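Here is the structure we will look at, set down as structure tokens.
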Amino acid sequence: MATIIGNYKVLKQIGEGGFARTYLARHRILGEMACIKQNIDLSVADVELLKKEAKLLWHVHHHSLPTLRDFIELDDGSFVMIMTFIEGKDLQKIVDEDYPKGIDPEQVCWMIQRLLNALHYLHYYGVIHGDVKPANIMIKPDEHNAILVDYGLATLKPRSRTKVEGYTPAFAAPEQVAGKPPIPETDIYGLGVSMIHALGGNYIGMTFPDSVPDKLQRFIGQMIKRNPLDRPSTAQELIRPLSDLRQELFGGRSSGETLKVS
């Protein structure tokens with residue numbers, strides 16, 4: 001990776017996935033931080049994956065979704081996506097390192113609400129994320145915000161013949177595993193399973209700790225029905241009921257406590 005890419009100075013590598021590496025960078029004039037994602041291999045397939053992800057994000061503007069700043073071809077034939085840097089910790093690490101017994105249900109509820117709004121926005125524009133899981137959910141506790149990241153497996157306006165390009169088995173909906181086209185209900189399923197994990201439940205057996213209120217269990221339970229026709233068909237259908245549930249369970253407002261993240 002070059003030290004300077006356009007107006008950005010690359011500071012360090014911060015991650016590596018199946019086909020791309022990510023770097024922390026700083027805008028040389030504005031001083032603002034950015035995240036740069038570069039395909040590892042120069043294969044046509046990996047280049048196209050990165051291009052597809054960039055095209056999906058080009059028109060996305062939502063506070064619980066990343067923002068694409070630019071897409072640049074480098075001298076070695078690789079490409080880079082330049083995105084907003086989301087300072088925070090992903091939900092998987094928060095569970096592993098800070099809350100191994102589970103996050104308080106009140107805190108999980110605001111995460112669900114932010115992510116349902118993000119999914120509603122994506123689905124309205126025909127984007128199916130396809131890989132909703134704790135590792136792809138960045139948490140910013142001070143802002144009470146949850147941000148859905150990584151669109152490498154996302155699809156735009158999938159059709160009946162659209163093939164699934166991949167999935168994470170533990171969080172994949174049954175229709176994904178069966179190789180059927182992704183649909184909005186697929187993302188809803190992934191979010192439901194992710195929230196069981198966040199609450200300290202068994203996301204393989206789909207069971208909750210006793211500390212989780214029954215009504216919240218039932219709310220999440222409708223998101224993880226095996227048959228997609230039995231799940232809510234849109235994220236929007238769940239937003240108002242969740243707001244009402246938060247009002248009932250927690251007085252409709254935060255306790256004022258901030259999620260403690262190391």
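All residue names refer to the structure tokens as shown: chains lettered A, B, ... in order, residues numbered from 1 in each chain, ligands numbered from 1 in order.
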
>> With DSSP run on the backbone, what are the strand (DSSP E) residues within region 17-256 of chain A? I'd like them as number ranges by chain.
In response: A: 20-27, 33-39, 68-73, 79-84, 89-90, 127-128, 137-140, 145-148, 155-156

> Counting only C-alpha atoms, what is within 9 Å of region 30-39 of chain A, bar same-chain residues fewer than 6 positions away, as a VMD selection string?
Replying inline: chain A and resid 1 8 10 14 19 to 24 46 to 47 49 to 50 69 78 to 86

Any chance you can output those residues with N, CA and C atoms as a short mmCIF file (atom, residue, chain, number, x, y, z; two decimals), in the first residue's frame?
data_model
loop_
_atom_site.label_atom_id
_atom_site.label_comp_id
_atom_site.auth_asym_id
_atom_site.auth_seq_id
_atom_site.Cartn_x
_atom_site.Cartn_y
_atom_site.Cartn_z
N MET A 1 0.84 -1.20 0.00
CA MET A 1 0.00 0.00 0.00
C MET A 1 0.88 1.25 0.00
N TYR A 8 -4.93 11.47 0.80
CA TYR A 8 -4.93 10.70 2.05
C TYR A 8 -3.55 10.12 2.36
N VAL A 10 -1.77 7.22 4.39
CA VAL A 10 -2.06 5.94 5.03
C VAL A 10 -1.24 5.83 6.31
N ILE A 14 -5.47 -1.89 9.54
CA ILE A 14 -6.34 -2.13 10.69
C ILE A 14 -7.17 -3.40 10.56
N PHE A 19 -10.89 -11.03 0.98
CA PHE A 19 -10.35 -10.56 -0.30
C PHE A 19 -9.80 -9.14 -0.24
N ALA A 20 -9.85 -8.50 0.94
CA ALA A 20 -9.41 -7.10 1.01
C ALA A 20 -8.75 -6.79 2.36
N ARG A 21 -7.90 -5.78 2.32
CA ARG A 21 -7.29 -5.25 3.54
C ARG A 21 -7.86 -3.85 3.79
N THR A 22 -7.90 -3.47 5.05
CA THR A 22 -8.36 -2.12 5.39
C THR A 22 -7.26 -1.37 6.12
N TYR A 23 -7.23 -0.06 5.88
CA TYR A 23 -6.19 0.80 6.45
C TYR A 23 -6.82 2.05 7.06
N LEU A 24 -6.16 2.56 8.07
CA LEU A 24 -6.53 3.85 8.64
C LEU A 24 -5.72 4.93 7.92
N ASP A 46 -11.93 -10.38 -7.75
CA ASP A 46 -11.80 -9.56 -6.54
C ASP A 46 -11.96 -8.08 -6.85
N VAL A 47 -11.47 -7.65 -8.01
CA VAL A 47 -11.67 -6.27 -8.42
C VAL A 47 -13.16 -5.97 -8.58
N LEU A 49 -15.64 -7.51 -7.13
CA LEU A 49 -16.28 -7.50 -5.81
C LEU A 49 -16.16 -6.13 -5.16
N LEU A 50 -14.96 -5.55 -5.23
CA LEU A 50 -14.75 -4.24 -4.62
C LEU A 50 -15.53 -3.16 -5.36
N ARG A 69 -16.39 7.83 0.15
CA ARG A 69 -15.82 9.12 -0.24
C ARG A 69 -15.24 9.10 -1.65
N SER A 78 -4.49 -2.49 -8.49
CA SER A 78 -5.50 -2.70 -7.45
C SER A 78 -6.37 -1.45 -7.33
N PHE A 79 -7.47 -1.60 -6.61
CA PHE A 79 -8.39 -0.47 -6.39
C PHE A 79 -8.58 -0.25 -4.90
N VAL A 80 -8.95 0.97 -4.55
CA VAL A 80 -9.24 1.26 -3.14
C VAL A 80 -10.56 2.01 -3.03
N MET A 81 -11.31 1.64 -2.01
CA MET A 81 -12.49 2.40 -1.60
C MET A 81 -12.07 3.27 -0.43
N ILE A 82 -12.44 4.54 -0.48
CA ILE A 82 -12.16 5.43 0.63
C ILE A 82 -13.49 5.76 1.31
N MET A 83 -13.58 5.41 2.58
CA MET A 83 -14.82 5.56 3.33
C MET A 83 -14.59 6.32 4.61
N THR A 84 -15.69 6.72 5.23
CA THR A 84 -15.60 7.32 6.55
C THR A 84 -15.00 6.30 7.51
N PHE A 85 -14.17 6.77 8.42
CA PHE A 85 -13.62 5.90 9.46
C PHE A 85 -14.59 5.90 10.63
N ILE A 86 -15.04 4.72 10.99
CA ILE A 86 -16.00 4.60 12.09
C ILE A 86 -15.23 4.20 13.34
#

Can you pull out every residue within 12 Å of Glu143 (chain A), counting only C-alpha atoms, but drop anything in the same chain fewer than 5 positions away, and send it as a compact mmCIF listing (two decimals) with N, CA and C atoms, in the first residue's frame?
# COMPACT_ATOMS: atom_id res chain seq x y z
N HIS A 63 -27.06 7.82 8.89
CA HIS A 63 -26.17 7.92 10.06
C HIS A 63 -25.78 6.56 10.63
N SER A 64 -26.50 5.50 10.28
CA SER A 64 -26.14 4.16 10.76
C SER A 64 -25.55 3.29 9.65
N ILE A 86 -15.04 4.72 10.99
CA ILE A 86 -16.00 4.60 12.09
C ILE A 86 -15.23 4.20 13.34
N GLU A 87 -15.02 5.17 14.22
CA GLU A 87 -14.28 4.91 15.44
C GLU A 87 -15.20 4.18 16.41
N GLY A 88 -14.78 3.04 16.83
CA GLY A 88 -15.61 2.25 17.72
C GLY A 88 -15.14 0.81 17.72
N TRP A 110 -31.74 -0.30 21.92
CA TRP A 110 -31.43 0.85 21.06
C TRP A 110 -30.57 0.44 19.87
N MET A 111 -29.77 -0.61 20.07
CA MET A 111 -29.00 -1.12 18.92
C MET A 111 -29.95 -1.65 17.85
N ARG A 114 -31.66 1.23 15.95
CA ARG A 114 -30.79 1.90 14.97
C ARG A 114 -30.61 1.01 13.73
N MET A 138 -20.75 -2.01 13.97
CA MET A 138 -19.89 -1.14 14.78
C MET A 138 -20.75 -0.37 15.78
N GLY A 256 -29.71 6.44 30.99
CA GLY A 256 -28.63 7.43 31.12
C GLY A 256 -27.28 6.75 31.19
N GLU A 257 -27.24 5.44 31.35
CA GLU A 257 -25.99 4.72 31.40
C GLU A 257 -25.44 4.50 29.98
N THR A 258 -24.12 4.63 29.87
CA THR A 258 -23.47 4.40 28.59
C THR A 258 -22.84 3.03 28.59
N LEU A 259 -22.93 2.34 27.48
CA LEU A 259 -22.32 1.04 27.35
C LEU A 259 -20.82 1.18 27.64

> So which bits of region 117-209 of chain A end up helix (DSSP H, G or I) when you DSSP the backbone, as a PyMOL selection string?
Replying inline: chain A and resi 117-124+134-136+141-143+169-171+174-177+184-198

Residues as selected, C-alpha atoms, written as a CSV table (one decimal), in the first residue's frame, can you do that?
chain,number,residue,atom,x,y,z
A,117,ASN,CA,-33.8,2.0,10.6
A,118,ALA,CA,-30.6,1.3,8.6
A,119,LEU,CA,-32.1,-1.9,7.1
A,120,HIS,CA,-35.3,0.0,6.2
A,121,TYR,CA,-33.2,2.6,4.4
A,122,LEU,CA,-31.1,0.0,2.5
A,123,HIS,CA,-34.1,-2.1,1.6
A,124,TYR,CA,-36.0,0.9,0.3
A,134,PRO,CA,-22.1,-9.0,15.2
A,135,ALA,CA,-18.7,-8.6,13.5
A,136,ASN,CA,-20.3,-6.3,10.9
A,141,PRO,CA,-21.7,4.0,22.7
A,142,ASP,CA,-21.4,7.7,23.4
A,143,GLU,CA,-23.7,8.4,20.4
A,169,PRO,CA,-23.2,-20.0,8.6
A,170,ALA,CA,-24.1,-19.1,12.2
A,171,PHE,CA,-26.0,-16.0,11.2
A,174,PRO,CA,-32.3,-20.8,6.0
A,175,GLU,CA,-33.1,-19.5,2.6
A,176,GLN,CA,-29.4,-18.3,2.2
A,177,VAL,CA,-28.1,-21.8,3.1
A,184,PRO,CA,-35.2,-8.3,3.1
A,185,GLU,CA,-36.4,-11.0,5.5
A,186,THR,CA,-32.8,-12.5,5.2
A,187,ASP,CA,-31.3,-9.4,6.8
A,188,ILE,CA,-34.0,-9.3,9.4
A,189,TYR,CA,-33.1,-12.9,10.3
A,190,GLY,CA,-29.4,-12.1,10.6
A,191,LEU,CA,-30.2,-9.1,12.9
A,192,GLY,CA,-32.4,-11.3,15.1
A,193,VAL,CA,-29.7,-13.9,15.6
A,194,SER,CA,-27.1,-11.2,16.2
A,195,MET,CA,-29.2,-9.7,19.0
A,196,ILE,CA,-29.6,-13.1,20.7
A,197,HIS,CA,-25.8,-13.3,20.7
A,198,ALA,CA,-25.6,-9.7,22.1

> From the set A:Arg231, A:Lys260, A:Lys133, A:Lys101, which residue has the shortest atom-to-atom contact distance to Gly200 (chain A), counting only C-alpha atoms?
Replying inline: A:Lys101

>> Which residues are close to Ile4 (chain A), i.e. within 10 Å by only C-alpha atoms, leaving aside same-chain residues fewer than 5 positions away? Reply as JSON, numbers by chain.
In response: {"A": [9, 10, 11, 25, 26, 27, 28]}

> What is the distance between CA of Gln92 (chain A) and CA of Lys140 (chain A), in Å to one decimal?
Replying inline: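 Interatomic distance, CA of Gln92 (chain A) to CA of Lys140 (chain A): 13.4 Å.
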
>> Taking only C-alpha atoms into account, name the residue in A:Leu115, A:Leu42, A:Pro241, A:Ala172 that is nearest to Arg218 (chain A).
In response: A:Pro241

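As for CA of Leu148 (chain A) and CA of Gly130 (chain A), they are spaced 11.3 Å apart.
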
> Of the residues A:Lys89, A:Tyr203, A:Leu116, A:Gly251, which is the one nearest to Glu237 (chain A), using only C-alpha atoms?
Replying inline: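 Of A:Lys89, A:Tyr203, A:Leu116, A:Gly251, the one nearest Glu237 (chain A) is A:Leu116, counting only C-alpha atoms.
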
> Leaving out region 104-106 of chain A and any residue of its chain fewer than 4 positions from it, which residues lie within 9 Å of it when counting only C-alpha atoms, given as a ChimeraX atom specification?
Replying inline: /A:99,110,198-199,211-213,216,246,249-250,254-255,259

What does the file look like for those residues with N, CA and C atoms, as a JSON list (two decimals), in the first residue's frame?
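Ended up saving to again_19.json:
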[["chain", "number", "residue", "atom", "x", "y", "z"],
["A", 99, "TYR", "N", -18.58, -7.98, 27.53],
["A", 99, "TYR", "CA", -19.86, -8.49, 28.06],
["A", 99, "TYR", "C", -20.04, -9.97, 27.70],
["A", 110, "TRP", "N", -31.74, -0.30, 21.92],
["A", 110, "TRP", "CA", -31.43, 0.85, 21.06],
["A", 110, "TRP", "C", -30.57, 0.44, 19.87],
["A", 198, "ALA", "N", -25.88, -10.89, 21.27],
["A", 198, "ALA", "CA", -25.56, -9.71, 22.06],
["A", 198, "ALA", "C", -26.13, -9.81, 23.47],
["A", 199, "LEU", "N", -27.28, -10.43, 23.60],
["A", 199, "LEU", "CA", -27.95, -10.57, 24.90],
["A", 199, "LEU", "C", -27.36, -11.68, 25.76],
["A", 211, "SER", "N", -32.66, -13.46, 32.00],
["A", 211, "SER", "CA", -32.70, -12.03, 32.32],
["A", 211, "SER", "C", -33.38, -11.20, 31.23],
["A", 212, "VAL", "N", -33.61, -11.79, 30.06],
["A", 212, "VAL", "CA", -34.23, -11.06, 28.95],
["A", 212, "VAL", "C", -35.74, -11.11, 29.10],
["A", 213, "PRO", "N", -36.41, -9.95, 29.16],
["A", 213, "PRO", "CA", -37.88, -9.93, 29.30],
["A", 213, "PRO", "C", -38.57, -10.78, 28.24],
["A", 216, "LEU", "N", -39.51, -9.08, 24.99],
["A", 216, "LEU", "CA", -38.38, -8.82, 24.09],
["A", 216, "LEU", "C", -37.98, -10.12, 23.39],
["A", 246, "ARG", "N", -40.07, -0.58, 24.00],
["A", 246, "ARG", "CA", -39.10, 0.14, 24.84],
["A", 246, "ARG", "C", -39.82, 1.03, 25.84],
["A", 249, "LEU", "N", -41.20, -1.39, 28.54],
["A", 249, "LEU", "CA", -40.22, -2.07, 29.39],
["A", 249, "LEU", "C", -39.30, -1.12, 30.14],
["A", 250, "PHE", "N", -38.94, -0.02, 29.48],
["A", 250, "PHE", "CA", -37.91, 0.85, 30.06],
["A", 250, "PHE", "C", -38.34, 2.31, 30.19],
["A", 254, "SER", "N", -33.65, 6.14, 27.70],
["A", 254, "SER", "CA", -32.45, 5.48, 28.21],
["A", 254, "SER", "C", -32.30, 5.73, 29.70],
["A", 255, "SER", "N", -31.69, 4.78, 30.39],
["A", 255, "SER", "CA", -31.42, 4.94, 31.81],
["A", 255, "SER", "C", -30.35, 6.00, 32.06],
["A", 259, "LEU", "N", -22.93, 2.34, 27.48],
["A", 259, "LEU", "CA", -22.32, 1.04, 27.35],
["A", 259, "LEU", "C", -20.82, 1.18, 27.64]]

> At what distance in Å, to one decimal, does CA of Thr207 (chain A) lie from CA of Pro228 (chain A)?
Replying inline: 19.1 Å

> Pick the closest to Asp70 (chain A) from A:Leu229, A:Leu242, A:Leu91, A:Ile5: which is it, counting only C-alpha atoms?
Replying inline: A:Ile5
